[in-house]
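Next comes coords19.csv, a file with CSV, C-alpha atoms.
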chain,number,residue,atom,x,y,z
L,1,MET,CA,-8.3,9.9,-13.2
L,2,THR,CA,-11.8,11.0,-12.4
L,3,ASN,CA,-11.4,12.1,-8.8
L,4,ALA,CA,-8.6,13.4,-6.6
L,5,ILE,CA,-8.9,14.1,-2.9
L,6,PRO,CA,-6.0,16.4,-1.8
L,7,SER,CA,-4.6,15.1,1.5
L,8,HIS,CA,-1.4,15.5,3.4
L,9,GLY,CA,0.1,13.0,5.8
L,10,ASP,CA,-1.0,9.5,6.6
L,11,PRO,CA,-4.0,10.4,8.8
L,12,GLU,CA,-5.6,12.5,6.0
L,13,CYS,CA,-4.8,9.8,3.4
L,14,MET,CA,-6.3,7.0,5.5
L,15,ALA,CA,-9.4,9.2,6.2
L,16,ALA,CA,-9.9,9.9,2.5
L,17,ALA,CA,-9.5,6.2,1.6
L,18,LEU,CA,-12.1,5.3,4.3
L,19,GLU,CA,-14.5,7.8,2.7
L,20,CYS,CA,-13.9,6.4,-0.7
L,21,ALA,CA,-14.6,2.8,0.5
L,22,LYS,CA,-18.0,4.0,1.7
L,23,THR,CA,-19.0,4.9,-1.9
L,24,ASP,CA,-20.1,2.6,-4.7
L,25,PHE,CA,-17.6,2.9,-7.5
L,26,HIS,CA,-15.7,0.7,-10.0
L,27,GLY,CA,-12.0,1.6,-10.4
L,28,LEU,CA,-8.8,2.1,-8.5
L,29,CYS,CA,-8.5,3.9,-5.2
L,30,PHE,CA,-4.8,4.6,-4.6
L,31,ILE,CA,-3.3,6.0,-1.4
L,32,ASN,CA,0.3,6.7,-0.7
L,33,LEU,CA,1.2,6.6,3.0
L,34,VAL,CA,4.3,8.5,2.6
L,35,ASP,CA,4.9,9.2,6.3
L,36,PHE,CA,6.1,5.6,6.8
L,37,ASP,CA,8.9,6.5,4.4
L,38,MET,CA,9.6,10.2,4.8
L,39,VAL,CA,8.8,10.8,8.4
L,40,TYR,CA,9.9,7.5,10.0
L,41,GLY,CA,11.9,5.3,7.6
L,42,HIS,CA,14.4,7.7,6.2
L,43,ARG,CA,14.7,9.4,9.7
L,44,ARG,CA,15.4,6.0,11.2
L,45,ASP,CA,12.7,6.5,13.8
L,46,ALA,CA,11.9,2.9,14.7
L,47,ASP,CA,9.6,3.8,17.5
L,48,GLY,CA,7.6,6.2,15.4
L,49,TYR,CA,7.5,3.6,12.6
L,50,GLY,CA,6.1,1.1,15.1
L,51,ASN,CA,3.5,3.6,16.3
L,52,GLU,CA,2.5,4.4,12.7
L,53,LEU,CA,2.0,0.6,12.1
L,54,THR,CA,-0.3,0.5,15.1
L,55,VAL,CA,-2.4,3.4,13.7
L,56,PHE,CA,-2.5,1.8,10.3
L,57,ASP,CA,-3.6,-1.5,11.8
L,58,THR,CA,-6.4,0.2,13.7
L,59,TRP,CA,-7.5,2.0,10.4
L,60,LEU,CA,-7.3,-1.3,8.5
L,61,ASN,CA,-9.7,-2.8,11.0
L,62,ASP,CA,-12.2,-0.1,10.1
L,63,PHE,CA,-11.5,-0.2,6.3
L,64,MET,CA,-11.7,-3.9,5.5
L,65,PRO,CA,-15.3,-4.4,6.5
L,66,LEU,CA,-16.3,-1.8,3.9
L,67,LEU,CA,-14.8,-3.8,1.0
L,68,GLY,CA,-17.2,-5.7,-1.2
L,69,ASP,CA,-16.9,-9.2,-2.5
L,70,ASP,CA,-15.3,-8.0,-5.8
L,71,ASP,CA,-12.9,-5.6,-4.1
L,72,VAL,CA,-9.1,-6.3,-3.9
L,73,LEU,CA,-6.8,-4.7,-1.4
L,74,MET,CA,-3.1,-4.6,-2.1
L,75,ILE,CA,-0.6,-3.3,0.5
L,76,THR,CA,3.0,-2.8,-0.7
L,77,ALA,CA,5.9,-0.4,-0.7
L,78,ASP,CA,8.1,1.2,-3.4
L,79,HIS,CA,11.4,0.3,-1.8
L,80,GLY,CA,12.9,-1.0,1.4
L,81,CYS,CA,13.5,1.5,4.2
L,82,ASP,CA,14.5,-0.4,7.4
L,83,PRO,CA,14.2,2.1,10.3
L,84,ASN,CA,16.9,0.3,12.2
L,85,PHE,CA,19.5,0.4,9.5
L,86,PRO,CA,22.2,3.1,9.6
L,87,GLY,CA,22.1,6.1,7.2
L,88,THR,CA,19.1,7.6,5.5
L,89,ASP,CA,19.1,5.9,2.1
L,90,HIS,CA,16.8,3.1,0.9
L,91,THR,CA,17.7,-0.4,2.2
L,92,ARG,CA,17.8,-3.6,0.2
L,93,GLU,CA,15.2,-5.9,1.7
L,94,TYR,CA,12.3,-7.1,-0.5
L,95,ILE,CA,9.1,-5.0,-0.4
L,96,PRO,CA,6.1,-6.6,1.2
L,97,LEU,CA,3.0,-7.5,-0.9
L,98,LEU,CA,-0.1,-8.4,0.9
L,99,ILE,CA,-3.2,-9.0,-1.1
L,100,TRP,CA,-6.7,-9.5,0.3
L,101,GLY,CA,-9.8,-10.4,-1.8
L,102,ALA,CA,-8.0,-12.3,-4.6
L,103,GLY,CA,-7.7,-15.7,-2.9
L,104,THR,CA,-5.1,-16.8,-0.5
L,105,GLY,CA,-1.7,-18.4,-0.9
L,106,ASP,CA,1.9,-17.6,-1.3
L,107,PHE,CA,2.5,-15.5,-4.4
L,108,GLY,CA,6.3,-16.1,-4.0
L,109,THR,CA,9.1,-13.7,-4.7
L,110,ARG,CA,8.2,-11.7,-7.7
L,111,ASP,CA,10.7,-11.0,-10.5
L,112,THR,CA,9.6,-7.4,-10.9
L,113,PHE,CA,7.6,-4.6,-9.3
L,114,ALA,CA,5.7,-4.5,-12.7
L,115,ASP,CA,3.7,-7.6,-11.5
L,116,ILE,CA,1.7,-5.3,-9.2
L,117,GLY,CA,0.8,-3.0,-12.2
L,118,ALA,CA,0.0,-6.0,-14.3
L,119,THR,CA,-2.4,-7.3,-11.6
L,120,CYS,CA,-4.1,-3.9,-11.3
L,121,ALA,CA,-4.4,-3.7,-15.1
L,122,LYS,CA,-6.0,-7.2,-15.3
L,123,LEU,CA,-8.5,-6.4,-12.5
L,124,LEU,CA,-9.5,-3.2,-14.4
L,125,GLY,CA,-9.7,-5.0,-17.8
L,126,VAL,CA,-6.7,-3.1,-19.3
L,127,SER,CA,-4.0,-4.6,-21.4
L,128,ILE,CA,-0.3,-3.8,-20.6
L,129,ASP,CA,2.9,-5.4,-21.9
L,130,LYS,CA,4.9,-5.3,-18.7
L,131,GLY,CA,4.8,-7.7,-15.7
L,132,ASN,CA,2.7,-10.8,-15.0
L,133,SER,CA,-0.5,-10.6,-13.1
L,134,ILE,CA,-0.3,-12.3,-9.7
L,135,ILE,CA,-4.0,-13.3,-9.8

Conversion result in structure tokens:
Amino acid sequence: MTNAIPSHGDPECMAAALECAKTDFHGLCFINLVDFDMVYGHRRDADGYGNELTVFDTWLNDFMPLLGDDDVLMITADHGCDPNFPGTDHTREYIPLLIWGAGTGDFGTRDTFADIGATCAKLLGVSIDKGNSII
């Protein structure tokens, strides 16, 4: 890791990623929008979750034009957390995986979360022994 931008909450994380996209670098920019999970998902706040999606969608509209021809954007989650399901634990639905910049198509249901890591490794020219690259 060569740079870290301390931030708390989704708005700060999205602002930091936007600033990162404005720079010229080669590597991985990772943001964790934990409010989706901690503030809305586990609290089963469907309205708050929906509002957060609207904020994210607006941010994404500003973020994507900053990406270059060689950039890849992956949007995913680490587990299911349906805000309409009873209780506060993780839920069992598949996680989303949206990829922009690596071609289009249906990547199908993946066998393992490790495929995302394998894809990142391939894009960065690093060899790993887990998962299968999606692109």

Please measure the separation of atom CA of L:Cys81 and atom CA of L:Cys13, giving the value in Å to one decimal.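 Atom CA of L:Cys81 sits 20.1 Å away from atom CA of L:Cys13.
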
Report as a PyMOL selection string all protein, DNA and RNA residues lying within 9 Å of stretch 29-33 of chain L, evaluated on only C-alpha atoms, omitting residues in the same chain fewer than 2 positions from it. chain L and resi 9-11+13-14+16-17+20-21+27+35-37

For each of L:Phe85, L:Thr109, L:Leu66, L:Phe25, take the minimum atom-to-atom distance to L:Arg44, counting all atoms listed in the file, then give the residue where this is smallest.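 The closest residue to L:Arg44 is L:Phe85.
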
Would you mind telling me which residue in L:Ile5, L:Met38, L:Leu124, L:Ala114 lies nearest to L:Asp71 when using only C-alpha atoms?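 Answer, going by the shortest atom-to-atom distance: L:Leu124.
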
Could you check which of L:Asp111, L:Glu19, L:Asp106, L:Asp69 is closest to L:Ile135, using all atoms listed in the file?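 Among L:Asp111, L:Glu19, L:Asp106, L:Asp69, it is L:Asp106 that comes nearest to L:Ile135.
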
Taking 3 positions as the minimum chain separation for residues in the same chain, which residues sit within 12 Å of L:Gly117 when counting all atoms listed in the file? Answer as a list in words.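 What passes the distance filter is Leu28, Met74, Thr76, Thr112, Phe113, Ala114, Cys120, Ala121, Lys122, Leu123, Leu124, Val126, Ser127, Ile128, Asp129, Lys130, Gly131, Asn132, Ser133, Ile134 and Ile135 of chain L.
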
Best match for closeness to L:Gly68 among L:Asn51, L:Asn3, L:Asn84, L:Thr23, counting all atoms listed in the file: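 Checking each of L:Asn51, L:Asn3, L:Asn84, L:Thr23 against L:Gly68, counting all atoms listed in the file, the winner is L:Thr23.
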
Gap from atom CA of L:Leu98 to atom CA of L:Ala77 - Å, one decimal: 10.1 Å

Measuring between all atoms listed in the file, which one of L:His79, L:His90, L:His42, L:Lys22 shows the shortest distance to L:Asp62? L:Lys22

Straight-line distance linking atom CA of L:Ile95 with atom CA of L:Gly108, stated in Å to one decimal: 12.0 Å

From L:Val39, L:Ala118, L:Leu73, L:Asp89, residue lying nearest L:Ala102 [all atoms listed in the file]: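 Closest candidate: L:Leu73.
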
Could you write stretch 84-102 of chain L of the block just shown to a file containing N, CA and C atoms, as a PDB file, in the first residue's frame?
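The resulting file, out-v3.pdb, is reproduced below:
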ATOM      1  N   ASN L  84     -34.919  -5.811   3.919  1.00  0.00           N
ATOM      2  CA  ASN L  84     -36.315  -6.169   4.176  1.00  0.00           C
ATOM      3  C   ASN L  84     -36.473  -7.515   4.874  1.00  0.00           C
ATOM      4  N   PHE L  85     -35.365  -8.198   5.140  1.00  0.00           N
ATOM      5  CA  PHE L  85     -35.405  -9.509   5.784  1.00  0.00           C
ATOM      6  C   PHE L  85     -35.418  -9.331   7.301  1.00  0.00           C
ATOM      7  N   PRO L  86     -36.159 -10.159   8.027  1.00  0.00           N
ATOM      8  CA  PRO L  86     -36.190  -9.999   9.488  1.00  0.00           C
ATOM      9  C   PRO L  86     -34.845 -10.343  10.145  1.00  0.00           C
ATOM     10  N   GLY L  87     -34.564  -9.741  11.279  1.00  0.00           N
ATOM     11  CA  GLY L  87     -33.322  -9.993  12.009  1.00  0.00           C
ATOM     12  C   GLY L  87     -32.240  -9.030  11.586  1.00  0.00           C
ATOM     13  N   THR L  88     -31.036  -9.215  12.134  1.00  0.00           N
ATOM     14  CA  THR L  88     -29.925  -8.313  11.828  1.00  0.00           C
ATOM     15  C   THR L  88     -28.725  -9.026  11.234  1.00  0.00           C
ATOM     16  N   ASP L  89     -28.833 -10.326  10.982  1.00  0.00           N
ATOM     17  CA  ASP L  89     -27.698 -11.078  10.445  1.00  0.00           C
ATOM     18  C   ASP L  89     -27.616 -10.956   8.928  1.00  0.00           C
ATOM     19  N   HIS L  90     -26.518 -11.500   8.385  1.00  0.00           N
ATOM     20  CA  HIS L  90     -26.356 -11.550   6.938  1.00  0.00           C
ATOM     21  C   HIS L  90     -27.464 -12.400   6.337  1.00  0.00           C
ATOM     22  N   THR L  91     -27.807 -12.111   5.097  1.00  0.00           N
ATOM     23  CA  THR L  91     -28.809 -12.897   4.396  1.00  0.00           C
ATOM     24  C   THR L  91     -28.114 -13.695   3.296  1.00  0.00           C
ATOM     25  N   ARG L  92     -28.832 -14.613   2.688  1.00  0.00           N
ATOM     26  CA  ARG L  92     -28.186 -15.623   1.855  1.00  0.00           C
ATOM     27  C   ARG L  92     -28.181 -15.356   0.354  1.00  0.00           C
ATOM     28  N   GLU L  93     -28.675 -14.221  -0.100  1.00  0.00           N
ATOM     29  CA  GLU L  93     -28.667 -14.009  -1.540  1.00  0.00           C
ATOM     30  C   GLU L  93     -27.237 -13.874  -2.060  1.00  0.00           C
ATOM     31  N   TYR L  94     -27.061 -14.113  -3.356  1.00  0.00           N
ATOM     32  CA  TYR L  94     -25.764 -13.920  -3.976  1.00  0.00           C
ATOM     33  C   TYR L  94     -25.396 -12.448  -3.921  1.00  0.00           C
ATOM     34  N   ILE L  95     -24.088 -12.182  -3.901  1.00  0.00           N
ATOM     35  CA  ILE L  95     -23.637 -10.794  -3.932  1.00  0.00           C
ATOM     36  C   ILE L  95     -23.638 -10.308  -5.375  1.00  0.00           C
ATOM     37  N   PRO L  96     -23.818  -9.010  -5.578  1.00  0.00           N
ATOM     38  CA  PRO L  96     -23.730  -8.485  -6.943  1.00  0.00           C
ATOM     39  C   PRO L  96     -22.270  -8.368  -7.362  1.00  0.00           C
ATOM     40  N   LEU L  97     -22.032  -8.426  -8.644  1.00  0.00           N
ATOM     41  CA  LEU L  97     -20.726  -8.115  -9.212  1.00  0.00           C
ATOM     42  C   LEU L  97     -20.967  -7.404 -10.531  1.00  0.00           C
ATOM     43  N   LEU L  98     -20.712  -6.119 -10.520  1.00  0.00           N
ATOM     44  CA  LEU L  98     -20.845  -5.300 -11.717  1.00  0.00           C
ATOM     45  C   LEU L  98     -19.442  -4.868 -12.130  1.00  0.00           C
ATOM     46  N   ILE L  99     -19.099  -5.076 -13.385  1.00  0.00           N
ATOM     47  CA  ILE L  99     -17.772  -4.711 -13.882  1.00  0.00           C
ATOM     48  C   ILE L  99     -17.942  -3.795 -15.081  1.00  0.00           C
ATOM     49  N   TRP L 100     -17.233  -2.681 -15.047  1.00  0.00           N
ATOM     50  CA  TRP L 100     -17.235  -1.739 -16.164  1.00  0.00           C
ATOM     51  C   TRP L 100     -15.795  -1.571 -16.624  1.00  0.00           C
ATOM     52  N   GLY L 101     -15.588  -1.594 -17.935  1.00  0.00           N
ATOM     53  CA  GLY L 101     -14.267  -1.355 -18.494  1.00  0.00           C
ATOM     54  C   GLY L 101     -13.553  -2.625 -18.918  1.00  0.00           C
ATOM     55  N   ALA L 102     -14.148  -3.774 -18.680  1.00  0.00           N
ATOM     56  CA  ALA L 102     -13.504  -5.040 -19.024  1.00  0.00           C
ATOM     57  C   ALA L 102     -14.290  -5.778 -20.097  1.00  0.00           C
TER      58      ALA L 102
END
